[in-house]
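Below is data.pdb, holding PDB, C-alpha atoms.
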MODEL        1
ATOM      1  CA  MET B   1      -3.071  36.243  -9.223
ATOM      2  CA  MET B   2      -4.812  36.809  -5.870
ATOM      3  CA  GLN B   3      -1.603  38.161  -4.352
ATOM      4  CA  THR B   4      -1.228  40.688  -7.173
ATOM      5  CA  VAL B   5      -4.773  42.002  -6.765
ATOM      6  CA  VAL B   6      -4.443  42.302  -3.008
ATOM      7  CA  LEU B   7      -1.061  44.002  -3.360
ATOM      8  CA  LEU B   8      -2.473  46.579  -5.769
ATOM      9  CA  LEU B   9      -5.405  47.301  -3.445
ATOM     10  CA  LEU B  10      -3.139  47.719  -0.462
ATOM     11  CA  ILE B  11      -0.741  50.000  -2.335
ATOM     12  CA  SER B  12      -3.703  52.080  -3.501
ATOM     13  CA  CYS B  13      -4.899  52.398   0.087
ATOM     14  CA  ALA B  14      -1.432  53.343   1.208
ATOM     15  CA  VAL B  15      -1.134  56.057  -1.439
ATOM     16  CA  ASN B  16      -4.590  57.465  -0.618
ATOM     17  CA  GLY B  17      -3.722  57.460   3.048
ATOM     18  CA  ALA B  18      -0.487  59.265   2.369
ATOM     19  CA  GLN B  19      -2.323  61.898   0.279
ATOM     20  CA  ASP B  20      -4.829  62.447   3.113
ATOM     21  CA  ASN B  21      -1.967  62.977   5.466
ATOM     22  CA  LEU B  22      -0.450  65.505   3.077
ATOM     23  CA  ASN B  23      -3.738  67.407   2.782
ATOM     24  CA  GLU B  24      -4.292  67.483   6.513
ATOM     25  CA  ALA B  25      -0.714  68.108   7.574
ATOM     26  CA  LYS B  26       0.714  71.542   8.158
ATOM     27  CA  PRO B  27       3.846  72.619   6.254
ATOM     28  CA  ALA B  28       5.911  72.185   9.376
ATOM     29  CA  GLN B  29       4.706  68.578   9.768
ATOM     30  CA  CYS B  30       5.658  67.757   6.194
ATOM     31  CA  CYS B  31       9.081  68.982   6.860
ATOM     32  CA  ASP B  32       9.572  66.847   9.977
ATOM     33  CA  GLY B  33       8.935  63.614   8.019
ATOM     34  CA  SER B  34       5.517  62.637   9.394
ATOM     35  CA  VAL B  35       4.333  61.678   5.912
ATOM     36  CA  SER B  36       7.328  59.393   5.410
ATOM     37  CA  MET B  37       6.587  57.702   8.725
ATOM     38  CA  ALA B  38       2.952  57.154   7.740
ATOM     39  CA  VAL B  39       3.947  55.649   4.399
ATOM     40  CA  GLY B  40       6.508  53.430   6.107
ATOM     41  CA  ALA B  41       3.944  52.141   8.589
ATOM     42  CA  LEU B  42       1.485  51.361   5.803
ATOM     43  CA  THR B  43       4.194  49.604   3.824
ATOM     44  CA  GLU B  44       4.951  47.404   6.806
ATOM     45  CA  LYS B  45       1.261  46.561   7.163
ATOM     46  CA  VAL B  46       1.135  45.622   3.477
ATOM     47  CA  ALA B  47       4.113  43.299   3.919
ATOM     48  CA  ASN B  48       2.533  41.630   6.945
ATOM     49  CA  LEU B  49      -0.748  41.117   5.097
ATOM     50  CA  MET B  50       1.090  39.618   2.127
ATOM     51  CA  ASP B  51       2.853  37.129   4.435
ATOM     52  CA  LYS B  52      -0.466  36.098   5.960
ATOM     53  CA  LEU B  53      -1.991  35.716   2.503
ATOM     54  CA  THR B  54       0.875  33.465   1.445
ATOM     55  CA  GLN B  55       0.355  31.273   4.518
ATOM     56  CA  VAL B  56      -3.371  30.974   3.785
ATOM     57  CA  GLU B  57      -2.711  29.953   0.181
ATOM     58  CA  THR B  58      -0.177  27.338   1.330
ATOM     59  CA  LYS B  59      -2.719  25.829   3.719
ATOM     60  CA  LEU B  60      -5.336  25.755   0.962
ATOM     61  CA  ASP B  61      -2.938  23.896  -1.340
ATOM     62  CA  GLN B  62      -2.221  21.349   1.396
ATOM     63  CA  THR B  63      -5.933  20.849   2.017
ATOM     64  CA  GLU B  64      -6.603  20.261  -1.681
ATOM     65  CA  THR B  65      -3.823  17.669  -1.810
ATOM     66  CA  GLU B  66      -5.213  15.846   1.217
ATOM     67  CA  LEU B  67      -8.713  15.846  -0.287
ATOM     68  CA  THR B  68      -7.376  14.369  -3.520
ATOM     69  CA  GLN B  69      -5.618  11.593  -1.616
ATOM     70  CA  LEU B  70      -8.747  10.900   0.435
ATOM     71  CA  LYS B  71     -10.867  10.604  -2.705
ATOM     72  CA  SER B  72      -8.398   8.132  -4.225
ATOM     73  CA  ILE B  73      -8.718   5.966  -1.111
ATOM     74  CA  THR B  74     -12.485   6.148  -0.658
ATOM     75  CA  LEU B  75     -13.511   6.082  -4.315
ATOM     76  CA  GLY B  76     -10.718   4.101  -5.945
ATOM     77  CA  THR B  77     -10.123   0.331  -5.720
ATOM     78  CA  PRO B  78      -6.860  -0.574  -3.940
ATOM     79  CA  LYS B  79      -4.337  -2.389  -6.127
ATOM     80  CA  VAL B  80      -3.466  -5.657  -4.415
ATOM     81  CA  ALA B  81      -1.576  -8.546  -6.057
ATOM     82  CA  PHE B  82       1.264 -10.900  -5.185
ATOM     83  CA  SER B  83       2.970 -14.022  -6.456
ATOM     84  CA  ALA B  84       5.878 -16.036  -5.031
ATOM     85  CA  SER B  85       7.615 -19.417  -5.039
ATOM     86  CA  LEU B  86       9.298 -21.320  -2.209
ATOM     87  CA  TYR B  87      13.040 -21.078  -2.922
ATOM     88  CA  GLU B  88      15.105 -18.045  -3.849
ATOM     89  CA  THR B  89      18.133 -20.277  -4.527
ATOM     90  CA  GLY B  90      19.042 -23.938  -4.239
ATOM     91  CA  SER B  91      16.781 -26.956  -4.034
ATOM     92  CA  GLY B  92      15.465 -29.490  -1.539
ATOM     93  CA  ASN B  93      12.602 -30.565   0.654
ATOM     94  CA  THR B  94      10.493 -28.359   2.905
ATOM     95  CA  GLY B  95       9.264 -30.416   5.845
ATOM     96  CA  PRO B  96       8.322 -32.666   7.437
ATOM     97  CA  PHE B  97       7.210 -30.782  10.574
ATOM     98  CA  ASN B  98       5.521 -32.148  13.676
ATOM     99  CA  THR B  99       2.575 -29.772  13.263
ATOM    100  CA  ALA B 100       0.811 -28.135  10.327
ATOM    101  CA  THR B 101       2.998 -25.220   9.229
ATOM    102  CA  PRO B 102       2.493 -22.250   6.871
ATOM    103  CA  LEU B 103       4.788 -22.463   3.854
ATOM    104  CA  LYS B 104       7.075 -19.442   3.448
ATOM    105  CA  TYR B 105       7.268 -18.508  -0.213
ATOM    106  CA  LYS B 106      10.445 -16.428  -0.189
ATOM    107  CA  ASN B 107      11.063 -15.948  -3.919
ATOM    108  CA  VAL B 108       8.700 -13.006  -4.522
ATOM    109  CA  PHE B 109       7.800 -12.261  -8.136
ATOM    110  CA  SER B 110       5.476  -9.386  -7.265
ATOM    111  CA  ASN B 111       3.939  -7.910  -4.130
ATOM    112  CA  PHE B 112       1.901  -4.874  -5.120
ATOM    113  CA  GLY B 113       0.605  -3.256  -1.956
ATOM    114  CA  SER B 114       3.100  -5.194   0.232
ATOM    115  CA  ASN B 115       0.313  -7.259   1.804
ATOM    116  CA  TYR B 116       2.156 -10.581   1.459
ATOM    117  CA  ASN B 117       4.899 -11.264   4.031
ATOM    118  CA  PRO B 118       7.611 -13.641   2.710
ATOM    119  CA  ALA B 119       9.039 -14.003   6.240
ATOM    120  CA  THR B 120       5.828 -15.672   7.442
ATOM    121  CA  GLY B 121       4.156 -16.810   4.203
ATOM    122  CA  ILE B 122       0.993 -14.967   5.248
ATOM    123  CA  PHE B 123      -1.118 -12.611   3.140
ATOM    124  CA  THR B 124      -3.117 -10.032   5.117
ATOM    125  CA  ALA B 125      -6.150  -8.458   3.436
ATOM    126  CA  PRO B 126      -5.870  -4.641   3.418
ATOM    127  CA  THR B 127      -9.557  -4.077   2.708
ATOM    128  CA  LYS B 128     -12.901  -5.871   2.616
ATOM    129  CA  GLY B 129     -13.403  -7.484  -0.765
ATOM    130  CA  MET B 130     -13.540 -10.547  -2.975
ATOM    131  CA  TYR B 131     -10.140 -12.192  -3.538
ATOM    132  CA  PHE B 132      -8.686 -14.866  -5.817
ATOM    133  CA  PHE B 133      -5.965 -17.290  -4.656
ATOM    134  CA  ARG B 134      -4.095 -20.089  -6.393
ATOM    135  CA  PHE B 135      -1.326 -22.400  -5.224
ATOM    136  CA  SER B 136       0.640 -25.288  -6.682
ATOM    137  CA  MET B 137       2.363 -28.263  -5.059
ATOM    138  CA  PHE B 138       5.190 -30.507  -6.258
ATOM    139  CA  ASN B 139       5.879 -33.953  -4.769
ATOM    140  CA  ASN B 140       9.509 -34.522  -3.897
ATOM    141  CA  LEU B 141      11.766 -37.027  -5.571
ATOM    142  CA  GLU B 142      12.004 -39.469  -2.670
ATOM    143  CA  GLU B 143      10.182 -42.780  -2.697
ATOM    144  CA  HIS B 144       6.952 -43.146  -0.690
ATOM    145  CA  SER B 145       6.753 -39.486   0.305
ATOM    146  CA  ASN B 146       3.392 -37.839   0.921
ATOM    147  CA  SER B 147       2.550 -34.216   0.131
ATOM    148  CA  ILE B 148      -0.552 -32.452   1.461
ATOM    149  CA  VAL B 149      -0.962 -28.671   1.318
ATOM    150  CA  SER B 150      -4.048 -26.551   1.965
ATOM    151  CA  LEU B 151      -5.126 -22.988   1.290
ATOM    152  CA  THR B 152      -6.082 -21.627   4.692
ATOM    153  CA  LYS B 153      -8.159 -18.629   5.770
ATOM    154  CA  ASN B 154      -7.767 -17.499   9.379
ATOM    155  CA  GLY B 155      -6.671 -20.999  10.357
ATOM    156  CA  GLN B 156      -9.549 -22.725   8.534
ATOM    157  CA  ARG B 157      -8.863 -25.008   5.559
ATOM    158  CA  VAL B 158     -10.493 -23.868   2.293
ATOM    159  CA  VAL B 159      -9.139 -26.168  -0.464
ATOM    160  CA  SER B 160      -6.298 -28.699  -0.608
ATOM    161  CA  VAL B 161      -3.964 -30.676  -2.869
ATOM    162  CA  SER B 162      -2.449 -34.037  -1.929
ATOM    163  CA  ASP B 163      -0.329 -36.763  -3.512
ATOM    164  CA  THR B 164       1.412 -39.973  -2.429
ATOM    165  CA  SER B 165       4.526 -40.964  -4.313
ATOM    166  CA  ARG B 166       4.422 -44.615  -5.383
ATOM    167  CA  SER B 167       5.694 -45.884  -8.692
ATOM    168  CA  ASP B 168       5.833 -42.338 -10.019
ATOM    169  CA  ASN B 169       7.590 -39.755  -7.893
ATOM    170  CA  ARG B 170       7.361 -36.492  -9.802
ATOM    171  CA  ASP B 171       3.748 -35.467  -9.298
ATOM    172  CA  MET B 172       2.317 -31.964  -9.258
ATOM    173  CA  GLY B 173      -1.073 -30.488  -8.507
ATOM    174  CA  SER B 174      -2.760 -27.127  -7.960
ATOM    175  CA  ASN B 175      -5.953 -25.644  -6.638
ATOM    176  CA  ALA B 176      -7.653 -22.249  -6.467
ATOM    177  CA  ALA B 177     -10.535 -20.456  -4.801
ATOM    178  CA  VAL B 178     -12.406 -17.146  -4.748
ATOM    179  CA  PHE B 179     -13.833 -15.977  -1.419
ATOM    180  CA  PRO B 180     -14.535 -12.779   0.536
ATOM    181  CA  LEU B 181     -12.184 -11.340   3.137
ATOM    182  CA  GLU B 182     -12.526  -8.710   5.803
ATOM    183  CA  ALA B 183      -9.726  -6.215   6.333
ATOM    184  CA  GLY B 184      -7.121  -7.951   8.497
ATOM    185  CA  ASP B 185      -8.016 -11.530   7.513
ATOM    186  CA  ASN B 186      -5.044 -13.862   6.962
ATOM    187  CA  VAL B 187      -4.562 -16.315   4.098
ATOM    188  CA  TYR B 188      -1.679 -18.760   3.695
ATOM    189  CA  VAL B 189      -0.776 -22.181   2.318
ATOM    190  CA  GLU B 190      -0.309 -24.782   5.042
ATOM    191  CA  LEU B 191       1.826 -27.919   4.836
ATOM    192  CA  ALA B 192       0.196 -30.770   6.734
ATOM    193  CA  ALA B 193       2.015 -32.346   9.671
ATOM    194  CA  ASN B 194       4.605 -34.997   8.771
ATOM    195  CA  ARG B 195       4.383 -34.112   5.069
ATOM    196  CA  LEU B 196       6.825 -32.441   2.729
ATOM    197  CA  VAL B 197       7.197 -30.792  -0.666
ATOM    198  CA  TYR B 198      10.153 -30.420  -2.977
ATOM    199  CA  ASP B 199      11.241 -27.373  -4.925
ATOM    200  CA  ASP B 200      14.199 -25.987  -6.863
ATOM    201  CA  THR B 201      14.906 -23.125  -9.244
ATOM    202  CA  MET B 202      12.149 -24.392 -11.547
ATOM    203  CA  ASN B 203       9.684 -22.864  -9.031
ATOM    204  CA  TYR B 204       7.168 -25.719  -8.876
ATOM    205  CA  ASN B 205       5.526 -24.565  -5.630
ATOM    206  CA  THR B 206       3.845 -21.171  -5.953
ATOM    207  CA  PHE B 207       1.354 -19.014  -4.098
ATOM    208  CA  THR B 208      -0.567 -16.249  -5.887
ATOM    209  CA  GLY B 209      -3.419 -13.933  -4.960
ATOM    210  CA  PHE B 210      -5.076 -10.661  -5.868
ATOM    211  CA  LEU B 211      -8.102  -8.486  -5.090
ATOM    212  CA  LEU B 212     -10.951  -8.834  -7.583
ATOM    213  CA  PHE B 213     -13.147  -6.028  -6.213
ATOM    214  CA  THR B 214     -14.021  -4.360  -2.924
ATOM    215  CA  LEU B 215     -17.261  -5.000  -1.026
TER     216      LEU B 215
ENDMDL
END
Please re-express this file's structure in structure tokens.
Amino acid sequence: MMQTVVLLLLISCAVNGAQDNLNEAKPAQCCDGSVSMAVGALTEKVANLMDKLTQVETKLDQTETELTQLKSITLGTPKVAFSASLYETGSGNTGPFNTATPLKYKNVFSNFGSNYNPATGIFTAPTKGMYFFRFSMFNNLEEHSNSIVSLTKNGQRVVSVSDTSRSDNRDMGSNAAVFPLEAGDNVYVELAANRLVYDDTMNYNTFTGFLLFTL
């Protein structure tokens, strides 16, 4: 709409300018094409102005898009959620290890926001907020095996689950917690040193978390 109005105004100016040239020109000048040259020059100016107007409108559209995206980031709550289990295929024990080791939950059910890394088992908070986490642990099928796993924030234990297999050897437990995180904080489930867990395609061992609200 703006382009049409500007175009009409420019054409009107060009026509008026051409008429002034006709009124002021002598008959001999009309004959030698001076009026045609004047109209041609004005037409070229109109074309150049239209190109510049198009460029300005394009930049305005880009700016509006960027502002919309910025508002969605600053005013909206990021969508963060993930859930995974230990094994993608097969079955068996994980552990024991000589030192406490983060469990790598490789069978990802969901990872909205891509803040959970299945290669490391670590969730990294994208923004400051209050988060919920839950994990489950399954004792393996071997006699006298111990299982101890802990939900860990930046290397510090938050909550744990443990079990020692004695007469019964198919035990399972879970735990959960809600706590605040700063952007960049790490959360993972850690298997204690010299302990192990068992899993198969039934997906007994899971790790889940999501953002409740920002702070």
Exercise. Hey, can you check how far CA of Ala192 in chain B sits from CA of Thr164 in chain B?
Worked result: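 Going from CA of Ala192 in chain B over to CA of Thr164 in chain B covers 13.0 Å.
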Exercise. What does the PyMOL selection byres ((chain B and resi 94) around 8) select in this file, as an MDAnalysis selection string?
Worked result: chainID B and resid 92:93 95:96 196:199
For this session: List, as number ranges by chain, every residue that the PyMOL selection byres ((chain B and resi 121-124) around 8) selects in the file provided.
Result: B: 102-106, 115-120, 125-126, 183-189
Dump of C-alpha atoms for the selected residues, as a CSV table (one decimal), keeping the file's coordinate frame:
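Writing the result to result_25.csv gives the following:
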chain,number,residue,atom,x,y,z
B,102,PRO,CA,2.5,-22.2,6.9
B,103,LEU,CA,4.8,-22.5,3.9
B,104,LYS,CA,7.1,-19.4,3.4
B,105,TYR,CA,7.3,-18.5,-0.2
B,106,LYS,CA,10.4,-16.4,-0.2
B,115,ASN,CA,0.3,-7.3,1.8
B,116,TYR,CA,2.2,-10.6,1.5
B,117,ASN,CA,4.9,-11.3,4.0
B,118,PRO,CA,7.6,-13.6,2.7
B,119,ALA,CA,9.0,-14.0,6.2
B,120,THR,CA,5.8,-15.7,7.4
B,125,ALA,CA,-6.2,-8.5,3.4
B,126,PRO,CA,-5.9,-4.6,3.4
B,183,ALA,CA,-9.7,-6.2,6.3
B,184,GLY,CA,-7.1,-8.0,8.5
B,185,ASP,CA,-8.0,-11.5,7.5
B,186,ASN,CA,-5.0,-13.9,7.0
B,187,VAL,CA,-4.6,-16.3,4.1
B,188,TYR,CA,-1.7,-18.8,3.7
B,189,VAL,CA,-0.8,-22.2,2.3
For this session: Would you write out, as a PyMOL selection string, every residue that the PyMOL selection byres ((chain B and resi 156) around 12) captures in this file?
Result: chain B and resi 100+150-155+157-160+185-190
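Between CA of Ser114 in chain B and CA of Met172 in chain B lies a distance of 28.4 Å.
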Exercise. What is the CA of Phe207 in chain B to CA of Tyr131 in chain B distance in Å?
Worked result: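 For CA of Phe207 in chain B relative to CA of Tyr131 in chain B, the distance reads 13.4 Å.
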Exercise. Taking into account all atoms listed in the file, which residue in the set B:Phe132, B:Phe97, B:Phe210, B:Phe109 is nearest to Ala81 in chain B?
Worked result: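 Counting all atoms listed in the file, the residue closest to Ala81 in chain B is B:Phe210.
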Exercise. Gly90 in chain B: which residues within 8 Å, counting all atoms listed in the file, same-chain residues fewer than 2 positions away excluded, as an MDAnalysis selection string?
Worked result: chainID B and resid 87:88 92 200:201
Any chance you can output those residues with C-alpha atoms as a short mmCIF file (atom, residue, chain, number, x, y, z; two decimals), in the frame of the given file?
data_model
loop_
_atom_site.label_atom_id
_atom_site.label_comp_id
_atom_site.auth_asym_id
_atom_site.auth_seq_id
_atom_site.Cartn_x
_atom_site.Cartn_y
_atom_site.Cartn_z
CA TYR B 87 13.04 -21.08 -2.92
CA GLU B 88 15.10 -18.05 -3.85
CA GLY B 92 15.46 -29.49 -1.54
CA ASP B 200 14.20 -25.99 -6.86
CA THR B 201 14.91 -23.12 -9.24
#
Missing atoms in range 90-101 of chain B: can you complete it with all heavy atoms, as a tab-separated table (two decimals), in the frame of the given file?
chain	number	residue	atom	x	y	z
B	90	GLY	N	18.88	-22.57	-4.70
B	90	GLY	CA	19.04	-23.94	-4.24
B	90	GLY	C	17.84	-24.82	-4.49
B	90	GLY	O	16.93	-24.46	-5.24
B	91	SER	N	17.86	-25.99	-3.86
B	91	SER	CA	16.78	-26.96	-4.03
B	91	SER	C	16.71	-27.84	-2.80
B	91	SER	O	17.63	-27.87	-1.97
B	91	SER	CB	17.03	-27.82	-5.28
B	91	SER	OG	18.25	-28.55	-5.13
B	92	GLY	N	15.60	-28.57	-2.66
B	92	GLY	CA	15.46	-29.49	-1.54
B	92	GLY	C	14.05	-29.60	-1.04
B	92	GLY	O	13.11	-29.03	-1.61
B	93	ASN	N	13.91	-30.35	0.05
B	93	ASN	CA	12.60	-30.56	0.65
B	93	ASN	C	12.28	-29.48	1.67
B	93	ASN	O	13.17	-28.94	2.34
B	93	ASN	CB	12.56	-31.91	1.37
B	93	ASN	CG	12.63	-33.08	0.39
B	93	ASN	OD1	12.10	-33.00	-0.71
B	93	ASN	ND2	13.28	-34.16	0.81
B	94	THR	N	11.01	-29.17	1.80
B	94	THR	CA	10.49	-28.36	2.90
B	94	THR	C	9.60	-29.28	3.73
B	94	THR	O	8.61	-29.80	3.23
B	94	THR	CB	9.70	-27.15	2.39
B	94	THR	OG1	10.55	-26.31	1.62
B	94	THR	CG2	9.13	-26.36	3.55
B	95	GLY	N	9.94	-29.46	4.99
B	95	GLY	CA	9.26	-30.42	5.84
B	95	GLY	C	10.07	-31.70	5.93
B	95	GLY	O	11.14	-31.82	5.34
B	96	PRO	N	9.59	-32.69	6.69
B	96	PRO	CA	8.32	-32.67	7.44
B	96	PRO	C	8.45	-31.92	8.78
B	96	PRO	O	9.52	-31.81	9.34
B	96	PRO	CB	8.05	-34.15	7.66
B	96	PRO	CG	9.41	-34.77	7.72
B	96	PRO	CD	10.26	-33.98	6.78
B	97	PHE	N	7.29	-31.43	9.27
B	97	PHE	CA	7.21	-30.78	10.57
B	97	PHE	C	6.23	-31.56	11.45
B	97	PHE	O	5.34	-32.24	10.95
B	97	PHE	CB	6.75	-29.34	10.43
B	97	PHE	CG	7.60	-28.51	9.50
B	97	PHE	CD1	7.13	-28.15	8.24
B	97	PHE	CD2	8.88	-28.12	9.86
B	97	PHE	CE1	7.91	-27.39	7.38
B	97	PHE	CE2	9.67	-27.37	9.01
B	97	PHE	CZ	9.19	-27.00	7.76
B	98	ASN	N	6.38	-31.42	12.75
B	98	ASN	CA	5.52	-32.15	13.68
B	98	ASN	C	4.08	-31.64	13.66
B	98	ASN	O	3.16	-32.38	14.01
B	98	ASN	CB	6.08	-32.06	15.10
B	98	ASN	CG	7.39	-32.80	15.24
B	98	ASN	OD1	7.64	-33.78	14.55
B	98	ASN	ND2	8.26	-32.33	16.14
B	99	THR	N	3.91	-30.37	13.32
B	99	THR	CA	2.58	-29.77	13.26
B	99	THR	C	2.36	-29.11	11.91
B	99	THR	O	3.33	-28.83	11.18
B	99	THR	CB	2.38	-28.73	14.37
B	99	THR	OG1	3.37	-27.69	14.20
B	99	THR	CG2	2.54	-29.35	15.75
B	100	ALA	N	1.12	-28.85	11.57
B	100	ALA	CA	0.81	-28.14	10.33
B	100	ALA	C	1.48	-26.76	10.36
B	100	ALA	O	1.41	-26.05	11.36
B	100	ALA	CB	-0.69	-27.99	10.16
B	101	THR	N	2.15	-26.41	9.25
B	101	THR	CA	3.00	-25.22	9.23
B	101	THR	C	2.76	-24.41	7.96
B	101	THR	O	2.74	-24.98	6.86
B	101	THR	CB	4.48	-25.63	9.30
B	101	THR	OG1	4.70	-26.42	10.47
B	101	THR	CG2	5.38	-24.40	9.33
